[in-house]
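S.K.: Supplied structure: work.txt, compact mmCIF, C-alpha atoms and all ligand atoms.
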# COMPACT_ATOMS: atom_id res chain seq x y z
CA MET A 1 26.54 7.41 -33.00
CA ASN A 2 28.93 4.47 -33.24
CA GLN A 3 28.71 1.64 -35.76
CA GLY A 4 27.37 -0.91 -33.35
CA ALA A 5 24.48 1.28 -32.32
CA ALA A 6 23.74 2.18 -35.91
CA ALA A 7 23.43 -1.52 -36.77
CA THR A 8 20.88 -2.16 -33.99
CA ILE A 9 17.24 -2.45 -34.96
CA ASN A 10 15.69 0.17 -32.73
CA PRO A 11 12.24 -0.45 -31.24
CA PRO A 12 9.51 1.97 -32.28
CA PRO A 13 9.55 5.14 -30.12
CA ALA A 14 6.44 4.17 -28.11
CA ALA A 15 7.89 0.75 -27.25
CA HIS A 16 11.19 2.41 -26.44
CA SER A 17 9.64 4.77 -23.92
CA ARG A 18 7.63 1.92 -22.41
CA GLU A 19 10.86 -0.02 -21.91
CA ARG A 20 12.50 3.01 -20.34
CA ALA A 21 9.54 3.49 -17.99
CA ALA A 22 9.69 -0.19 -17.01
CA SER A 23 13.41 0.14 -16.35
CA GLU A 24 12.86 3.19 -14.14
CA ARG A 25 10.13 1.35 -12.21
CA ALA A 26 12.47 -1.61 -11.83
CA GLN A 27 15.20 0.64 -10.43
CA THR A 28 12.73 2.24 -7.99
CA LEU A 29 11.53 -1.19 -6.85
CA LEU A 30 15.09 -2.46 -6.49
CA ALA A 31 16.03 0.55 -4.38
CA ARG A 32 13.03 -0.11 -2.14
CA PHE A 33 13.92 -3.81 -1.97
CA HIS A 34 17.44 -3.00 -0.76
CA GLU A 35 16.24 -0.34 1.65
CA VAL A 36 13.90 -2.78 3.39
CA ARG A 37 16.34 -5.71 3.27
CA ASN A 38 19.08 -3.52 4.75
CA PHE A 39 16.83 -2.37 7.57
CA THR A 40 16.38 -6.01 8.65
CA VAL A 41 20.16 -6.32 8.92
CA GLU A 42 20.36 -2.96 10.68
CA LEU A 43 17.91 -4.19 13.33
CA CYS A 44 20.37 -7.01 14.09
CA ARG A 45 23.41 -4.76 14.31
CA ASP A 46 24.00 -5.20 18.07
CA LEU A 47 23.02 -8.87 18.25
CA GLU A 48 25.61 -11.59 18.78
CA PRO A 49 25.28 -14.95 16.99
CA GLU A 50 24.30 -16.55 20.31
CA ASP A 51 21.31 -14.17 20.54
CA CYS A 52 20.13 -15.15 17.08
CA VAL A 53 19.49 -18.85 17.63
CA VAL A 54 17.24 -18.95 20.71
CA GLN A 55 13.54 -19.87 20.49
CA SER A 56 12.01 -19.05 23.89
CA ILE A 57 8.45 -20.28 23.12
CA PRO A 58 6.90 -21.84 19.99
CA ASP A 59 5.44 -18.44 18.94
CA VAL A 60 8.92 -16.92 18.91
CA SER A 61 11.29 -17.64 16.04
CA PRO A 62 15.06 -17.25 16.28
CA THR A 63 16.46 -14.12 14.60
CA LYS A 64 18.45 -16.36 12.28
CA TRP A 65 15.24 -18.01 11.11
CA HIS A 66 13.69 -14.60 10.28
CA LEU A 67 16.81 -13.65 8.31
CA ALA A 68 16.61 -16.85 6.29
CA HIS A 69 12.84 -17.22 5.94
CA THR A 70 12.37 -13.75 4.43
CA THR A 71 15.11 -14.68 1.95
CA TRP A 72 13.45 -18.02 1.19
CA PHE A 73 10.31 -16.05 0.28
CA PHE A 74 12.11 -14.21 -2.55
CA GLU A 75 13.93 -17.34 -3.66
CA THR A 76 10.76 -19.45 -3.76
CA PHE A 77 8.22 -17.04 -5.18
CA VAL A 78 10.44 -14.91 -7.45
CA LEU A 79 13.73 -16.58 -8.44
CA LYS A 80 12.39 -20.12 -8.84
CA LYS A 81 9.54 -18.82 -10.95
CA TRP A 82 11.21 -16.25 -13.17
CA LEU A 83 14.99 -16.80 -13.28
CA PRO A 84 15.54 -19.34 -16.08
CA GLY A 85 17.58 -22.36 -14.99
CA TYR A 86 17.72 -21.18 -11.38
CA GLN A 87 19.17 -23.82 -9.05
CA SER A 88 19.18 -23.44 -5.26
CA GLU A 89 22.66 -23.52 -3.80
CA ILE A 90 21.29 -25.42 -0.80
CA PRO A 91 17.99 -27.11 -1.71
CA GLU A 92 17.39 -28.19 1.91
CA TYR A 93 16.71 -24.56 2.87
CA ALA A 94 13.32 -24.95 1.14
CA TYR A 95 12.30 -27.34 3.93
CA LEU A 96 13.97 -25.46 6.80
CA PHE A 97 12.73 -21.99 5.97
CA ASN A 98 9.23 -22.57 4.63
CA SER A 99 6.88 -21.31 7.36
CA TYR A 100 3.35 -22.48 6.59
CA TYR A 101 2.90 -22.67 2.80
CA ASN A 102 1.69 -26.23 2.21
CA ALA A 103 1.49 -25.68 -1.54
CA ALA A 104 5.23 -24.82 -1.55
CA GLY A 105 6.21 -28.19 -0.05
CA ASP A 106 6.96 -29.78 3.30
CA MET A 107 8.34 -27.72 6.18
CA HIS A 108 10.24 -28.07 9.42
CA ARG A 109 8.25 -27.94 12.65
CA ARG A 110 7.71 -24.41 13.88
CA ASP A 111 8.27 -25.25 17.55
CA LEU A 112 11.65 -26.83 16.77
CA ARG A 113 13.26 -23.87 15.02
CA GLY A 114 15.47 -23.21 18.04
CA LEU A 115 17.13 -26.61 17.72
CA ILE A 116 18.70 -25.82 14.37
CA SER A 117 22.31 -24.74 14.89
CA ARG A 118 23.15 -25.12 11.19
CA PRO A 119 23.15 -23.19 8.95
CA THR A 120 25.05 -20.79 11.16
CA VAL A 121 24.09 -17.13 11.45
CA LYS A 122 26.98 -16.32 9.13
CA GLU A 123 25.68 -18.79 6.55
CA ALA A 124 22.17 -17.35 6.86
CA ARG A 125 23.62 -13.90 6.13
CA ARG A 126 25.50 -15.33 3.13
CA TYR A 127 22.21 -16.83 1.91
CA ARG A 128 20.66 -13.35 2.11
CA SER A 129 23.46 -11.79 0.08
CA SER A 130 23.37 -14.48 -2.57
CA ILE A 131 19.60 -14.20 -3.11
CA ASP A 132 19.79 -10.40 -3.10
CA SER A 133 22.38 -10.53 -5.91
CA SER A 134 20.18 -12.84 -7.97
CA ILE A 135 17.19 -10.54 -7.47
CA ASP A 136 19.38 -7.62 -8.58
CA ASN A 137 20.33 -9.42 -11.77
CA LEU A 138 16.82 -10.60 -12.52
CA LEU A 139 15.16 -7.23 -11.99
CA SER A 140 17.85 -5.20 -13.72
CA GLY A 141 17.49 -7.26 -16.90
CA ALA A 142 13.69 -7.62 -16.87
CA ASP A 143 11.70 -6.36 -19.85
CA GLU A 144 8.37 -4.65 -19.39
CA LYS A 145 6.31 -7.85 -19.55
CA LEU A 146 8.46 -9.73 -17.04
CA PHE A 147 8.63 -6.75 -14.72
CA SER A 148 4.84 -6.40 -14.72
CA GLU A 149 4.50 -10.04 -13.72
CA MET A 150 7.11 -9.84 -10.97
CA GLU A 151 6.26 -6.46 -9.47
CA PRO A 152 3.24 -7.56 -7.36
CA ILE A 153 5.15 -10.52 -5.89
CA MET A 154 8.26 -8.44 -5.22
CA THR A 155 6.05 -5.87 -3.47
CA LEU A 156 4.42 -8.64 -1.43
CA GLY A 157 7.89 -9.94 -0.51
CA ILE A 158 8.99 -6.47 0.64
CA ASN A 159 5.87 -6.13 2.81
CA HIS A 160 6.39 -9.65 4.10
CA GLU A 161 9.94 -8.67 5.10
CA GLN A 162 8.56 -5.70 7.05
CA GLN A 163 6.15 -7.98 8.91
CA HIS A 164 9.09 -10.15 9.91
CA GLN A 165 11.05 -7.10 11.05
CA GLU A 166 8.30 -6.53 13.58
CA LEU A 167 8.37 -10.18 14.64
CA LEU A 168 12.15 -10.07 14.87
CA VAL A 169 11.88 -7.18 17.36
CA THR A 170 9.10 -8.73 19.48
CA ASP A 171 10.77 -12.14 19.38
CA ILE A 172 14.19 -10.92 20.53
CA LYS A 173 12.43 -9.03 23.32
CA HIS A 174 10.91 -12.30 24.52
CA VAL A 175 14.27 -14.06 24.22
CA PHE A 176 16.12 -11.35 26.16
CA ALA A 177 13.37 -11.22 28.80
CA GLN A 178 14.23 -14.82 29.76
CA ASN A 179 17.80 -13.80 30.58
CA PRO A 180 18.52 -12.73 34.19
CA LEU A 181 21.24 -10.42 32.83
CA HIS A 182 18.50 -8.36 31.10
CA PRO A 183 20.40 -7.74 27.87
CA ILE A 184 19.84 -4.44 26.10
CA PHE A 185 18.74 -4.56 22.47
CA ARG A 186 19.15 -0.82 21.95
CA GLU A 187 20.01 1.93 24.43
CA ARG A 188 16.99 4.01 25.38
CA LYS A 189 16.34 7.28 23.61
CA ILE A 190 15.43 9.73 26.32
CA ASP A 191 12.26 11.65 25.64
CA LEU A 192 10.60 14.34 27.68
CA VAL A 193 7.84 12.61 29.60
CA PRO A 194 4.75 14.76 30.28
CA ASP A 195 4.12 15.49 33.95
CA LYS A 196 0.74 13.86 33.80
CA THR A 197 -1.38 12.12 31.22
CA SER A 198 -3.96 14.24 29.46
CA PRO A 199 -7.51 13.27 30.50
CA VAL A 200 -9.22 10.89 28.15
CA LYS A 201 -12.04 12.28 26.02
CA PHE A 202 -14.68 10.25 24.18
CA VAL A 203 -15.27 11.48 20.65
CA GLU A 204 -18.82 10.83 19.43
CA PHE A 205 -19.71 9.43 16.03
CA ASP A 206 -23.23 9.33 14.57
CA GLU A 207 -24.65 6.23 12.95
CA ALA A 208 -23.49 5.99 9.34
CA THR A 209 -23.10 3.61 6.46
CA VAL A 210 -19.40 3.68 5.66
CA GLU A 211 -17.01 2.20 3.14
CA ILE A 212 -14.83 -0.44 4.79
CA GLY A 213 -11.72 -1.98 3.27
CA HIS A 214 -8.98 -1.01 0.86
CA ASP A 215 -9.85 1.01 -2.25
CA GLY A 216 -7.28 -0.71 -4.47
CA SER A 217 -4.85 2.19 -4.86
CA GLY A 218 -1.37 1.00 -3.92
CA PHE A 219 -0.45 -2.17 -2.07
CA SER A 220 -2.75 -3.96 0.36
CA TYR A 221 -3.16 -7.52 1.60
CA ASP A 222 -6.03 -9.58 0.28
CA ASN A 223 -7.73 -9.65 3.71
CA GLU A 224 -8.34 -5.86 3.48
CA GLY A 225 -10.88 -6.40 0.71
CA PRO A 226 -13.28 -6.49 -0.95
CA ARG A 227 -14.21 -2.92 -0.07
CA HIS A 228 -17.82 -2.91 1.00
CA ARG A 229 -20.44 -0.85 2.81
CA ALA A 230 -21.14 -1.44 6.49
CA LEU A 231 -23.63 0.11 8.87
CA VAL A 232 -21.79 1.47 11.91
CA PRO A 233 -24.22 2.46 14.69
CA ALA A 234 -23.46 5.50 16.84
CA PHE A 235 -20.53 5.08 19.21
CA SER A 236 -17.82 7.07 20.95
CA LEU A 237 -14.10 6.35 20.95
CA ALA A 238 -11.38 7.30 23.42
CA SER A 239 -9.03 10.08 22.39
CA ARG A 240 -5.99 8.12 23.52
CA LEU A 241 -4.78 4.67 24.58
CA VAL A 242 -5.12 3.28 28.11
CA THR A 243 -1.98 4.06 30.10
CA ASN A 244 0.13 2.03 32.50
CA GLY A 245 -1.11 4.21 35.37
CA GLU A 246 -4.72 3.41 34.54
CA PHE A 247 -3.93 -0.27 34.21
CA ILE A 248 -2.27 -0.25 37.64
CA GLU A 249 -5.61 0.95 39.04
CA PHE A 250 -7.25 -2.09 37.43
CA ILE A 251 -4.65 -4.37 39.04
CA GLU A 252 -4.97 -2.67 42.42
CA ALA A 253 -8.76 -3.14 42.28
CA GLY A 254 -8.02 -6.87 42.43
CA SER A 255 -9.37 -7.39 38.91
CA TYR A 256 -7.09 -10.32 38.09
CA THR A 257 -8.91 -12.23 40.86
CA ARG A 258 -12.46 -11.07 40.08
CA PRO A 259 -14.21 -13.36 37.56
CA GLU A 260 -17.04 -10.88 36.89
CA PHE A 261 -14.84 -8.88 34.47
CA TRP A 262 -13.57 -11.83 32.45
CA LEU A 263 -14.70 -13.91 29.52
CA SER A 264 -14.98 -17.57 30.56
CA LEU A 265 -12.00 -18.59 28.43
CA GLY A 266 -10.09 -15.58 29.69
CA TRP A 267 -10.79 -16.44 33.31
CA MET A 268 -9.57 -19.98 32.68
CA THR A 269 -6.41 -18.66 31.03
CA VAL A 270 -5.68 -16.13 33.79
CA ASN A 271 -5.85 -18.91 36.37
CA GLU A 272 -3.92 -21.47 34.37
CA GLN A 273 -1.17 -19.00 33.48
CA ARG A 274 -1.33 -17.24 36.87
CA TRP A 275 -1.34 -13.84 35.19
CA GLN A 276 -1.30 -10.91 37.62
CA ALA A 277 -0.08 -8.13 35.33
CA PRO A 278 0.92 -7.52 31.69
CA LEU A 279 3.69 -9.68 30.25
CA TYR A 280 7.17 -8.48 31.29
CA TRP A 281 5.91 -6.78 34.48
CA ILE A 282 7.30 -7.66 37.91
CA ASN A 283 6.37 -6.14 41.27
CA ARG A 284 9.37 -5.39 43.48
CA GLU A 285 8.58 -4.16 46.97
CA GLY A 286 5.41 -2.45 45.85
CA THR A 287 6.81 -0.91 42.65
CA TRP A 288 6.03 -2.19 39.16
CA TRP A 289 9.02 -2.78 36.88
CA ASN A 290 8.99 -3.93 33.29
CA PHE A 291 11.45 -5.42 30.88
CA THR A 292 11.94 -3.29 27.76
CA LEU A 293 14.24 -3.54 24.76
CA SER A 294 16.33 -0.92 26.51
CA GLY A 295 16.58 -2.97 29.71
CA PHE A 296 14.69 -3.46 32.94
CA ARG A 297 13.16 -0.30 34.39
CA PRO A 298 10.29 1.03 36.50
CA VAL A 299 6.93 1.17 34.75
CA GLU A 300 6.31 4.69 33.44
CA GLU A 301 2.69 5.51 34.26
CA SER A 302 2.09 7.88 31.34
CA GLU A 303 3.07 5.33 28.67
CA PRO A 304 0.40 3.26 26.90
CA VAL A 305 0.00 -0.15 28.56
CA THR A 306 1.18 -2.98 26.34
CA HIS A 307 1.78 -6.75 26.12
CA LEU A 308 -1.82 -7.56 26.98
CA SER A 309 -3.95 -10.43 25.73
CA TYR A 310 -7.38 -9.84 24.25
CA PHE A 311 -8.75 -11.30 27.48
CA GLU A 312 -7.03 -8.64 29.59
CA ALA A 313 -8.04 -5.85 27.21
CA ASP A 314 -11.67 -7.00 27.36
CA ALA A 315 -11.60 -7.40 31.16
CA TYR A 316 -10.11 -3.91 31.56
CA ALA A 317 -12.87 -2.46 29.36
CA ASN A 318 -15.53 -4.22 31.46
CA TRP A 319 -13.97 -2.94 34.68
CA ALA A 320 -13.88 0.58 33.23
CA GLY A 321 -17.57 0.43 32.24
CA ALA A 322 -16.65 0.57 28.55
CA ARG A 323 -15.95 -1.90 25.74
CA LEU A 324 -13.44 -2.49 22.97
CA PRO A 325 -14.24 -0.93 19.58
CA THR A 326 -15.19 -3.00 16.56
CA GLU A 327 -12.74 -2.92 13.66
CA PHE A 328 -15.32 -1.00 11.62
CA GLU A 329 -15.64 1.69 14.29
CA TRP A 330 -11.87 1.93 14.44
CA GLU A 331 -11.53 2.24 10.66
CA ARG A 332 -14.24 4.88 10.53
CA ALA A 333 -12.66 6.93 13.33
CA ALA A 334 -9.24 6.75 11.68
CA ASP A 335 -10.66 8.23 8.46
CA ASP A 336 -8.93 11.58 8.66
CA CYS A 337 -6.05 10.63 10.97
CA PRO A 338 -2.62 11.03 9.43
CA ILE A 339 -0.35 7.99 9.57
CA GLU A 340 1.96 9.54 12.11
CA GLY A 341 3.23 8.12 15.37
CA ASN A 342 5.92 6.10 17.06
CA PHE A 343 7.01 3.45 14.55
CA VAL A 344 10.01 1.15 14.25
CA GLU A 345 11.88 3.70 12.14
CA ASN A 346 12.17 5.85 15.28
CA GLU A 347 14.16 2.98 16.79
CA ARG A 348 12.70 3.56 20.25
CA PHE A 349 11.23 0.04 20.37
CA HIS A 350 8.85 1.04 23.14
CA PRO A 351 5.51 2.89 23.32
CA GLN A 352 5.62 6.60 24.10
CA PRO A 353 3.23 8.71 26.20
CA PRO A 354 0.32 9.96 24.07
CA VAL A 355 0.44 13.34 22.45
CA THR A 356 -2.39 15.72 23.32
CA PRO A 357 -5.17 14.89 20.87
CA PRO A 358 -6.69 17.52 18.65
CA ASP A 359 -10.35 18.28 19.28
CA ARG A 360 -11.91 17.02 16.11
CA HIS A 361 -10.97 13.33 15.97
CA PRO A 362 -9.66 10.71 18.37
CA GLY A 363 -6.07 11.89 18.18
CA GLN A 364 -3.15 9.71 17.23
CA MET A 365 -4.37 6.30 16.09
CA PHE A 366 -1.22 4.81 14.58
CA GLY A 367 1.95 3.46 16.13
CA ASP A 368 2.93 2.68 19.75
CA VAL A 369 0.70 -0.37 20.30
CA TRP A 370 -1.66 -2.50 18.24
CA GLU A 371 -5.20 -1.88 19.41
CA TRP A 372 -7.32 -4.94 20.15
CA THR A 373 -10.76 -4.75 18.57
CA ARG A 374 -13.73 -6.91 19.54
CA SER A 375 -14.06 -8.07 15.90
CA ALA A 376 -13.34 -11.68 15.11
CA TYR A 377 -10.89 -12.05 12.22
CA SER A 378 -13.15 -13.24 9.44
CA PRO A 379 -13.49 -12.67 5.70
CA TYR A 380 -15.16 -9.55 4.35
CA PRO A 381 -18.25 -10.21 2.15
CA GLY A 382 -17.12 -11.65 -1.17
CA TYR A 383 -13.58 -12.54 -0.03
CA ARG A 384 -11.97 -15.56 -1.67
CA ALA A 385 -8.35 -16.56 -1.08
CA GLU A 386 -6.36 -16.89 -4.32
CA PRO A 387 -5.47 -20.43 -5.36
CA GLY A 388 -1.86 -21.56 -4.86
CA ALA A 389 0.74 -21.03 -2.16
CA LEU A 390 0.35 -17.24 -1.83
CA GLY A 391 -3.38 -17.74 -1.26
CA GLU A 392 -2.29 -19.25 2.06
CA TYR A 393 -0.87 -15.89 3.19
CA ASN A 394 -3.92 -14.67 5.14
CA GLY A 395 -7.15 -16.52 4.36
CA LYS A 396 -6.47 -19.79 6.14
CA PHE A 397 -6.00 -18.01 9.49
CA MET A 398 -9.55 -16.66 9.63
CA CYS A 399 -10.56 -18.69 12.66
CA ASN A 400 -10.29 -18.13 16.44
CA GLN A 401 -8.38 -14.83 16.18
CA TYR A 402 -9.20 -11.17 16.81
CA VAL A 403 -8.40 -8.15 14.67
CA LEU A 404 -5.92 -5.51 15.84
CA ARG A 405 -5.54 -2.11 14.22
CA GLY A 406 -3.10 0.77 13.99
CA GLY A 407 0.43 -0.70 14.16
CA SER A 408 2.98 -0.48 16.96
CA CYS A 409 6.40 0.85 17.87
CA ALA A 410 7.76 -2.26 16.10
CA THR A 411 5.77 -1.68 12.87
CA SER A 412 7.14 0.26 9.92
CA GLY A 413 5.32 3.52 9.30
CA SER A 414 5.49 2.72 5.59
CA HIS A 415 3.78 -0.61 6.21
CA ILE A 416 0.66 0.37 8.12
CA ARG A 417 -2.64 1.55 6.63
CA ARG A 418 -6.04 2.59 7.89
CA THR A 419 -7.48 -0.63 6.45
CA TYR A 420 -4.68 -2.90 7.74
CA ARG A 421 -5.95 -5.95 9.66
CA ASN A 422 -3.52 -7.63 12.02
CA PHE A 423 -4.74 -10.70 13.89
CA PHE A 424 -3.77 -12.83 16.85
CA GLN A 425 -5.31 -15.46 19.08
CA PRO A 426 -6.90 -13.94 22.21
CA GLU A 427 -4.30 -15.33 24.66
CA LYS A 428 -1.21 -13.92 22.87
CA ARG A 429 0.78 -11.28 24.75
CA TRP A 430 4.23 -11.06 23.21
CA GLN A 431 3.33 -8.47 20.57
CA PHE A 432 3.03 -4.76 21.42
CA THR A 433 -0.73 -4.91 22.05
CA GLY A 434 -2.83 -2.40 23.97
CA ILE A 435 -6.25 -0.88 24.59
CA ARG A 436 -8.40 1.96 23.25
CA LEU A 437 -11.87 2.11 24.83
CA ALA A 438 -15.22 2.69 23.18
CA HIS A 439 -18.74 3.34 24.44
CA ASP A 440 -22.25 2.82 23.16
CA PRO A 441 -24.40 5.98 23.25
CA SER A 442 -25.69 6.59 26.77
FE FE B 501 6.60 -15.25 6.76
Please lay out the structure from this file as structure tokens.
Ligand SMILES: [Fe+2]
M.R.:
Amino acid sequence: MNQGAAATINPPPAAHSRERAASERAQTLLARFHEVRNFTVELCRDLEPEDCVVQSIPDVSPTKWHLAHTTWFFETFVLKKWLPGYQSEIPEYAYLFNSYYNAAGDMHRRDLRGLISRPTVKEARRYRSSIDSSIDNLLSGADEKLFSEMEPIMTLGINHEQQHQELLVTDIKHVFAQNPLHPIFRERKIDLVPDKTSPVKFVEFDEATVEIGHDGSGFSYDNEGPRHRALVPAFSLASRLVTNGEFIEFIEAGSYTRPEFWLSLGWMTVNEQRWQAPLYWINREGTWWNFTLSGFRPVEESEPVTHLSYFEADAYANWAGARLPTEFEWERAADDCPIEGNFVENERFHPQPPVTPPDRHPGQMFGDVWEWTRSAYSPYPGYRAEPGALGEYNGKFMCNQYVLRGGSCATSGSHIRRTYRNFFQPEKRWQFTGIRLAHDPS
């Protein structure tokens, strides 16, 4: 032992091992932080700066904005709170890259994000690197107490980054779809396509009182709780998603012009928007084509149908003599389903034909496309949003939206859970959204 070490007042052994455990947890969290942050950059690897600044509709944000906003999250909720004397290099970013957190200050208008040519994409990337370095320094030097305070917010920031990875993918798809050159985001991975889709089966569930919501082990969003008991009457659920081929039958039955299948608001929307097919579909001389992140190609009938509004999902279910499941039915049915499927890590960026389901439960329920449920997005019994800016994360959106379950080909497999509640307004179509049918007992 050297002199310097001998002169140090050592902490008691218990405190010492606590510090070491905190340091190991900090290193694990930092590794995860970098893994997720790097994947965002990896998703952009084939994009040119010109691709990264376009906002095609107000729902879509430019890639550059996603790169900067996810960084702003760590700067605002971690560095400004816990790094003593922290000063923003460019304080104006707080205004430009705040999304909707009123308690964190004023923000730039969402629908005008595409008008912001500065900072450049290069500067946005530099902003990322600078904040990442500060997070490195802060976390590496954190003692047990500080680490315990920061860990939940860092974990929230990592999950927030994954949500924006999904938006980045769906948003660049919408941007590229506007371009007559049909740019390719990523070359298609060729998979063996089954000759024909396996027939759909309806798996029956008896009435039961079930536990709904997250049990508190590991990370979850506040909208997944409180866990509570719910009575789920008997129902049956389809063993796989509705396919493109099945949806073409719905189109060919003239269903986009038959009001009897549609909700009133849906019928109004179909007529106003002149919808005749899912988003990104075009009929050329009697053949359906669709724009994908791997370019423009004929619609593959065995793939799950996607880019549908809630209105179209509901109308399809009516036409098929079925209905959409409730979120409670979905959560119950997914009880023993492994979280396996086609996620963003596969880098296919497109739904895949369903795998043949096993007999005992409704088959694969995660990945490919988010499944519309007929449940309005509302608080579970006893839910209260936390005070402060982060309380704005989910709670204030619990109005006029529907719950979607299961994740998509743009969702991280490490991000999705059985209790995960995604939500969108019923007319939205630019996410990877699809249909699984349910039935009441006959
Ligand atoms: Fe965000």
S.K.: Given all atoms listed in the file as the basis, pick out the residue of A:Pro259, A:Pro278, A:Gly213, A:Gly367 nearest to Trp430 (chain A).
M.R.: A:Pro278
S.K.: Choose the residue, out of A:Thr76, A:Asn38, A:Ser412, A:Asn271, that has the smallest atom-to-atom separation from Pro91 (chain A); count all atoms listed in the file.
M.R.: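 Of A:Thr76, A:Asn38, A:Ser412, A:Asn271, the one nearest Pro91 (chain A) is A:Thr76, counting all atoms listed in the file.
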S.K.: For region 343-345 of chain A, please output as a count of residues only all residues within 9 Å (counting all atoms listed in the file; exclusion window: fewer than 6 positions along the same chain).
M.R.: 13
S.K.: Within 12 Å of Glu331 (chain A), counting only C-alpha atoms, which residues show up once you throw out same-chain ones fewer than 6 positions away? Write them as number ranges by chain, please.
M.R.: A: 210-214, 224, 230, 232, 237, 325, 337, 362, 365-366, 371, 373, 375, 403-406, 417-421
S.K.: Within 10 Å of (-2.2, -16.8, 22.9) (file coordinates; all atoms listed in the file), which protein or nucleic acid residues are there? I'd like them as a PyMOL selection string.
M.R.: chain A and resi 59+269+309-311+401+424-430
